[in-house]
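Engineer: I have a structure I would like to understand better, so I am pasting it below and will then ask my questions one at a time.
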Amino acid sequence: MAPRMGTRAAQPGTSSGLGTHFSSPRKLRDKRKTQVLVEVPGQKAKHNQLLAKMASLLAGSATRKPEETSPVLPETETDAVVLEDDANEAWEDVPEPHDNCSPQSPSQSTPSRRTQPDLTSTRLYDSWKALIPTLVDIQLDYTARTLGAPLERTPKVLSLCSSHTCAQKRTSLTCLFFDYFISIDAMSCRCANLAQTLVSHGLFPTAPSQPRMAISVELLAFYRSLFQRSCDAVNALASALHTHYVRRGYRITNAKGEIIQEPFRRSLGYAIQWFDVLQIEVEHQLEAALQTCRDRVEASRATPAHPQSPGAREEKGLRERCAPILIQRCPACFGGVQFGRDLNKGGDIHVATDGNFHHRHRRSAGDSPHFYDPSYFLPKVQVDAIGHHITRSRKSTPKLHVSHVPNEAIDLCENSYEAADGKKQKAAMDSFDDTGLMALICRHDIPLFFANIDSPGEQQKYSVALINHLFSLLPRSATVVTLYDVGCVLSRSLNQYDILPDSIIQRLRFATTAMHAYGHEWACQLVYNPRMIVGLGLSDGEGTERLWSRFVRLIGIQRSSSRQRRLWLIDRHAGAIGLEMRADLGDWIRRRLRRGVEDQGTAARKLLEECEVAVSDLRKEWAMQKESQLSIRAHAPARLKKELDTVLALQADLDASDKALQTTRDTIAKGEMSEDTRDAIESLERVHERLMHKVEVLYASLNVQDRFPELDGLNLEFVRTLLLARDLKMNIRKRAIGSFFEWDKLDRAVGGSQQALGTKLHQQTRKAIAKRQPALMAALRKFNAYCERLEALYDPHCGIPLPTPLPTRLADLRNDQSLMEDIWITPSTGKVPRWLDDQDVRDGIRAMLKRDRCVEEQQRLGLEADNLCRWFGDELSALELALLTPGYEKFLVPLCQQQEHLQYIQTRWTTSLASAARFASRATDAVSLARKLSGVSEERPLHWINTYAVSYVVPTEDEEPGSETFSDADHTALQPEDAALVDILTAGVPGCEDDDIDIVVNDPGAELCWRIPEDITFDRTPLPEAGIIIPGTVKERVSAPRFGCPRQVFEPKDIALLASRTALLNDSCINGCAVLLYLEAVQLSPMAEQYAILSTHDLPRIRYNAPDDVLWRNMSWTSYWTKEVWILPIHRPSDVGHWVLCIIHLRSKELHLFDSFAERKPWKSDTKDIMKLIARLLSIAQQHDRIFNVNIDIDGWLARPLVTDALQTNGFDCGVWVLAMIAATLHGYHCTALGEGDMHMFRYYLRTLVLQIPVF
């Protein structure tokens, strides 16, 4: 067998030389890489000649009927259209021929998807843009002919020729209507082209020159109205029409009889897009005519009644009015005629801005030719110019400016919010070319302008561009307050660099939005929180969030649309929302008056009456608070904070290891322990002690006293705990607010107000959030432990108020006002300020601020109602003038429709601030002014338009039935502007695995009636004769356990306090002497066993949210569930410290309150804690299967004082008075009959009781 060719065996043999050369075959190359398409000379000229000849033939007198696809009626009862062309190409409208169009070989490979517009699509769009203006008059005429009348069936042949002598061209089209489609013939000539003929008969072409399909104008108008209420849904409409046609017996098939799956999608999309462009052109021409009339009306109103100099008249005409575009978008905000209000009084205009990164656009979706000029979006060139200017400005040296907020606080705010980090990438730029939107809205949530975000992060150039554009449309004296999530950061940037002109900076003020303000530092909130800024009323700045919720349906569609179409969708949707919200301004004002001014103002006035502090005093305290908290060193240096964080984390780890070590020792101790095991445990304990000592050394190395000289001289352990508690509370605040937002976001999604979540995704999200709860709960318990430790180390003379503990249930933590306040770390000179120590003053300040905001809101609402009334008169005058002006007859129908709309909103805008009589007077003046300007002395005949109305009674908002399933009345306790946070601040928290979150107990309360009980009795039993105390060395006394009472330990220092006439008693003296008095009373009378002596530590444990096992371990010895009366001594650590007493009568459900100073205000907060104590003890006893002798109910309790006049005039006998009241109670009386002069004798008696204890 011969060897195969091309192999080594096939080579001829040789004995010399190199032999025959052999090479591998060359690989075939791709022709697309090796060949170049060469243009044949003269080919393009021949092509152009053929096109010119074809054009001359088409323009000739002889018309040629093209080959067309007419409907064929099959033998069945259903109708069908048979298409001879391919199903995928039959319904693509034929574009105009172009010079660069060359046939493509079918064998040529399909190119990749085009992302940029080519010449063909550009010319197609240019043809549409040239055609649209020629259809305006015809569209207006068709609307006038068909308004208010039933639609007639379209004839088979359409013509618009007026002379009937023109050579006409016949075109066959398939026309789509609501319930059917037919094939018709449309005639075109010199008088009217094909598109004009179609529009005149209520059809809109799907291509500018050679359409194969036309859509009913009424169908497109219906879809346009539907789009304004929902979103773009061309595919859904095309599929729905196709299904509806098939069900009614209309089918579209190809030549083979096969049903086409998507016969309308592309053609319907073109028709919808360009029909909307036609309506926009009609609106622009109508707006131009109206604006001319508005200018005439404005000029007539601006003319002064008395002659003025030309310069004065020119200055007057230089507009104390905003630009027309702003007035038309929100007449309530921009319809005023006087500007220049001081920024410290709220400014003239309130706006809000915010970014959203959900409205992205995929780079792969590409772009289309320009076909629409957005009215809401700022041009990209304008935004980029601002960005380049900011970049250049930041290269210069920052200017020195006086900041009311410490830079450390603003730095923390900047690090806390992603919006402040312009470099943070929030979208993948390789997948998206447009990453979001930045919106500017007025305080009524009406959109004003947008900026398209095309950078990875929320850079400042977008918000600055929007603000700069707004000021370009405002009068030169107008002042603006801008609410922004990170307004503090943007304000500092504008003050440091020359980004905006001084003429704008002087008229601009920033504030944070109401919801995001709680995530800012407290020092920042004092200056930028809208609830604390004078003049802002109830403006919240959260309207952008509500606006984004209305745009949520566009997110998915706009990502896959072209870039131009995306802007068109958003812009048109914003316009529809703006018109709807403008019509709702009257309802908005009524809601704000009812839910904001009336309800909130009433609640604030009630709180002011209850606090019993003069408003003038509250204003002074508020001014002192702001001055103090903005001037003190409230923010530690960054390095010190970092080091404290390290110490805090290390100590937390050591505490955990200590607990684990103790648990291990207890577990092993239950069995037999070998010597090796005992040595190992002891070794671990020694290592742990050395580590704890190193932590102490690490803290001492921070030199806190050097960095905080005001803390020098205080107890080192107290200062250390105070700073650690301060840092921990900041961490808790951030964690808690984040948790609130997460739960609120989840609840809203579940409730349907945001994008819905599936059951599985909801559970996974809930579990992921719940996993972070234990860390928050651990931090809360750690902070409360710090508070308890601080109280034990507290020196009343240091002048530093103790921090209040935080609830460990999220439902309570939401409503805790102290969460937002930082811990005070600076000693105060003299007495502790009332705004820091007095709860009534603190509540009064909040009520005062709320009342002030309500008053400011009412004043601003009055101005806005005046602006609406003024705009109504001016707009009606312009409409009437347009109706009377020759040349505007073609706009008769839209003008009359707008006139009817004005009459409609006249009734909706009528409020208590702008009565119907005022609107009626404005209407009368408007009509007379229009006639005066038009020169018409008599009434012209009315041009009626056809309308059809049906009367139907609909219940109004004030006539809502009583069976309404939801109400906003529950939210009136909060600011109505905090709608976005209303669930966070009031609603319950969804359950999670943590017990502290699952158990939700309604906060009990007791009514405080400041009247002494009528049947009060006094203990007039004389003091027993005390023995003589022999001076000498006092040793420790320890009482033996008796009658269920544990042993009591009295150290020599405690006994020395009893020996001194002017010493303040400590908790050991109070608790120990109370037990000794109880033991004495039980010996005298068995009736004393009905009393339970509680400890001074029990109420702080409730305040610090101690676990149930801790409470049970420390209180079970009292057998409180078997007692009828509980005796509870209370210590108030503020100022110099004070002892008071509460006698809890379970059977009568009364709290008898004793304070030797007879102060009333502190009992408001104390009674709340006492009721929590009762509820907790009731729950704990039930958990341990203990049965109460008395049926306890936490509802309907009454708190009464035992004294209303001060019994004590000195500052050291309060503890002795409490023990005297305990002795009287144990004797069966309500109050003691001892006087202040007897206190030293009673103190002597207590000392003898202690010294009678044997010494062991």
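Chain labels run A, B, ... following the order of the structure tokens; each chain numbers its residues from 1, and ligands are numbered from 1 in the order shown.
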Would you please extract all helix (DSSP H, G or I) residues from region 151-344 of chain A, as assigned by DSSP on the backbone, and give them as a ChimeraX atom specification?

Structural biologist: /A:194-200,217-229,234-247,265-302,310-317,324-329,331-334,343-344

Engineer: Extract, using only C-alpha atoms, all DNA, RNA and protein residues at most 10 Å from Ser1116 (chain A), discarding same-chain residues fewer than 4 positions from it, and format them as a ChimeraX atom specification.

Structural biologist: /A:1111-1112,1120-1121,1177,1180-1181

Engineer: Can you measure CA of His401 (chain A) to CA of Pro475 (chain A) for me? One decimal in Å is fine.

Structural biologist: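 That distance, rounded to one decimal, is 26.8 Å.
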
Engineer: Name the closest residue to Leu1099 (chain A) among the candidates A:Glu281, A:Asp837, A:Glu1051, A:Asp1166; distances are taken between atoms, counting only C-alpha atoms.

Structural biologist: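 Under the stated criterion, the closest residue is A:Asp1166.
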
Engineer: In Å, with one decimal, what is the gap from CA of Ala1220 (chain A) to CA of Leu1077 (chain A)?

Structural biologist: 9.5 Å

Engineer: Using only C-alpha atoms, which residues sit within 7 Å of region 284-298 of chain A once same-chain residues fewer than 4 positions away are excluded, as an NGL selection string?

Structural biologist: :A and (280 or 302 or 874 or 877-879 or 881-882 or 891)

Engineer: May I have the residues from that selection written out with C-alpha atoms, as a PDB file, in the first residue's frame?

Structural biologist:
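Wrote it out as part-v1.pdb, contents follow:
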```
ATOM      1  CA  ILE A 280     -45.897  67.993  23.621  1.00  0.00           C
ATOM      2  CA  ALA A 302     -47.061  95.906  37.762  1.00  0.00           C
ATOM      3  CA  ASP A 874     -53.588  85.744  37.247  1.00  0.00           C
ATOM      4  CA  SER A 877     -57.008  86.410  33.528  1.00  0.00           C
ATOM      5  CA  ALA A 878     -54.486  84.974  31.085  1.00  0.00           C
ATOM      6  CA  LEU A 879     -56.941  82.267  29.996  1.00  0.00           C
ATOM      7  CA  LEU A 881     -57.459  87.041  27.600  1.00  0.00           C
ATOM      8  CA  ALA A 882     -56.327  84.187  25.356  1.00  0.00           C
ATOM      9  CA  PHE A 891     -56.599  76.674  20.905  1.00  0.00           C
TER      10      PHE A 891
END
```

Engineer: I need the residue nearest Glu580 (chain A) from this list: A:Val1218, A:Ala45, A:Leu237, A:Cys330. Use only C-alpha atoms for the distance.

Structural biologist: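 When distances to Glu580 (chain A) are compared using only C-alpha atoms, the smallest one comes from A:Cys330.
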
Engineer: Leaving out region 160-167 of chain A and any residue of its chain fewer than 6 positions from it, which residues lie within 9 Å of it when counting only C-alpha atoms, given as a list in words?

Structural biologist: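 Non-adjacent residues within range: Ser61, Ala62, Thr63, Met187, Ser188, Cys189, Arg190, Cys191, Ala192, Asn193, Gln196, Thr197, Leu198, Ser200 and His201 of chain A.
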
Engineer: Rounded to one decimal place, report the CA of Phe204 (chain A)-CA of Asp118 (chain A) distance in Å.

Structural biologist: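 Between CA of Phe204 (chain A) and CA of Asp118 (chain A) the gap is 25.3 Å.
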
Engineer: Could you name the residues that touch His350 (chain A) at 9 Å or less, counting only C-alpha atoms, but leaving out those on the same chain fewer than 2 positions away, as a list in words?

Structural biologist: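 Residues near the query, excluding close chain neighbours: Cys333, Gly346, Gly347, Asp348, Ala352, Ile441, Cys442, Arg443, Thr479, Val480, Val481, Thr482, Leu483, Leu536, Ser539 and Gly541 of chain A.
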
Engineer: Could you give me, as a list in words, each residue of region 180-305 of chain A that DSSP assigns to strand (DSSP E) when run on this structure's backbone?

Structural biologist: Phe181, Ile182, Ser183, Ile184, Asp185, Ala186, Met187, Ser188, Leu203, Phe204, Pro205, Met213, Ala214, Ile215, Ser216, Tyr250, Arg251, Ile252, Thr253 and Asn254 of chain A

Engineer: Any chance you can output those residues with C-alpha atoms as a PDB file, in the first residue's frame?

Structural biologist:
```pdb
ATOM      1  CA  PHE A 181     -58.519  46.282  13.221  1.00  0.00           C
ATOM      2  CA  ILE A 182     -59.250  46.833   9.567  1.00  0.00           C
ATOM      3  CA  SER A 183     -57.402  47.533   6.332  1.00  0.00           C
ATOM      4  CA  ILE A 184     -58.165  50.902   4.743  1.00  0.00           C
ATOM      5  CA  ASP A 185     -56.952  53.036   1.835  1.00  0.00           C
ATOM      6  CA  ALA A 186     -55.577  56.505   2.605  1.00  0.00           C
ATOM      7  CA  MET A 187     -55.201  59.108  -0.146  1.00  0.00           C
ATOM      8  CA  SER A 188     -52.358  61.636  -0.116  1.00  0.00           C
ATOM      9  CA  LEU A 203     -55.339  57.736  13.085  1.00  0.00           C
ATOM     10  CA  PHE A 204     -51.638  58.157  13.767  1.00  0.00           C
ATOM     11  CA  PRO A 205     -49.016  56.659  11.431  1.00  0.00           C
ATOM     12  CA  MET A 213     -49.918  50.573  10.017  1.00  0.00           C
ATOM     13  CA  ALA A 214     -51.851  53.329  11.786  1.00  0.00           C
ATOM     14  CA  ILE A 215     -53.077  53.440  15.391  1.00  0.00           C
ATOM     15  CA  SER A 216     -56.274  54.995  16.644  1.00  0.00           C
ATOM     16  CA  TYR A 250     -59.447  39.089  14.473  1.00  0.00           C
ATOM     17  CA  ARG A 251     -56.219  37.353  13.586  1.00  0.00           C
ATOM     18  CA  ILE A 252     -53.087  38.348  11.696  1.00  0.00           C
ATOM     19  CA  THR A 253     -51.455  35.562   9.712  1.00  0.00           C
ATOM     20  CA  ASN A 254     -48.717  35.243   7.151  1.00  0.00           C
TER      21      ASN A 254
END
```

Engineer: Give the answer as one residue: which of A:His1230, A:Arg566, A:Lys380, A:Arg476 has the shortest atom-to-atom distance to Glu320 (chain A), using only C-alpha atoms?

Structural biologist: A:Arg476

Engineer: Just checking: using only C-alpha atoms, which residue out of A:Gly1237, A:Pro406, A:Gly935, A:Pro133 ends up closest to Glu283 (chain A)?

Structural biologist: A:Pro133
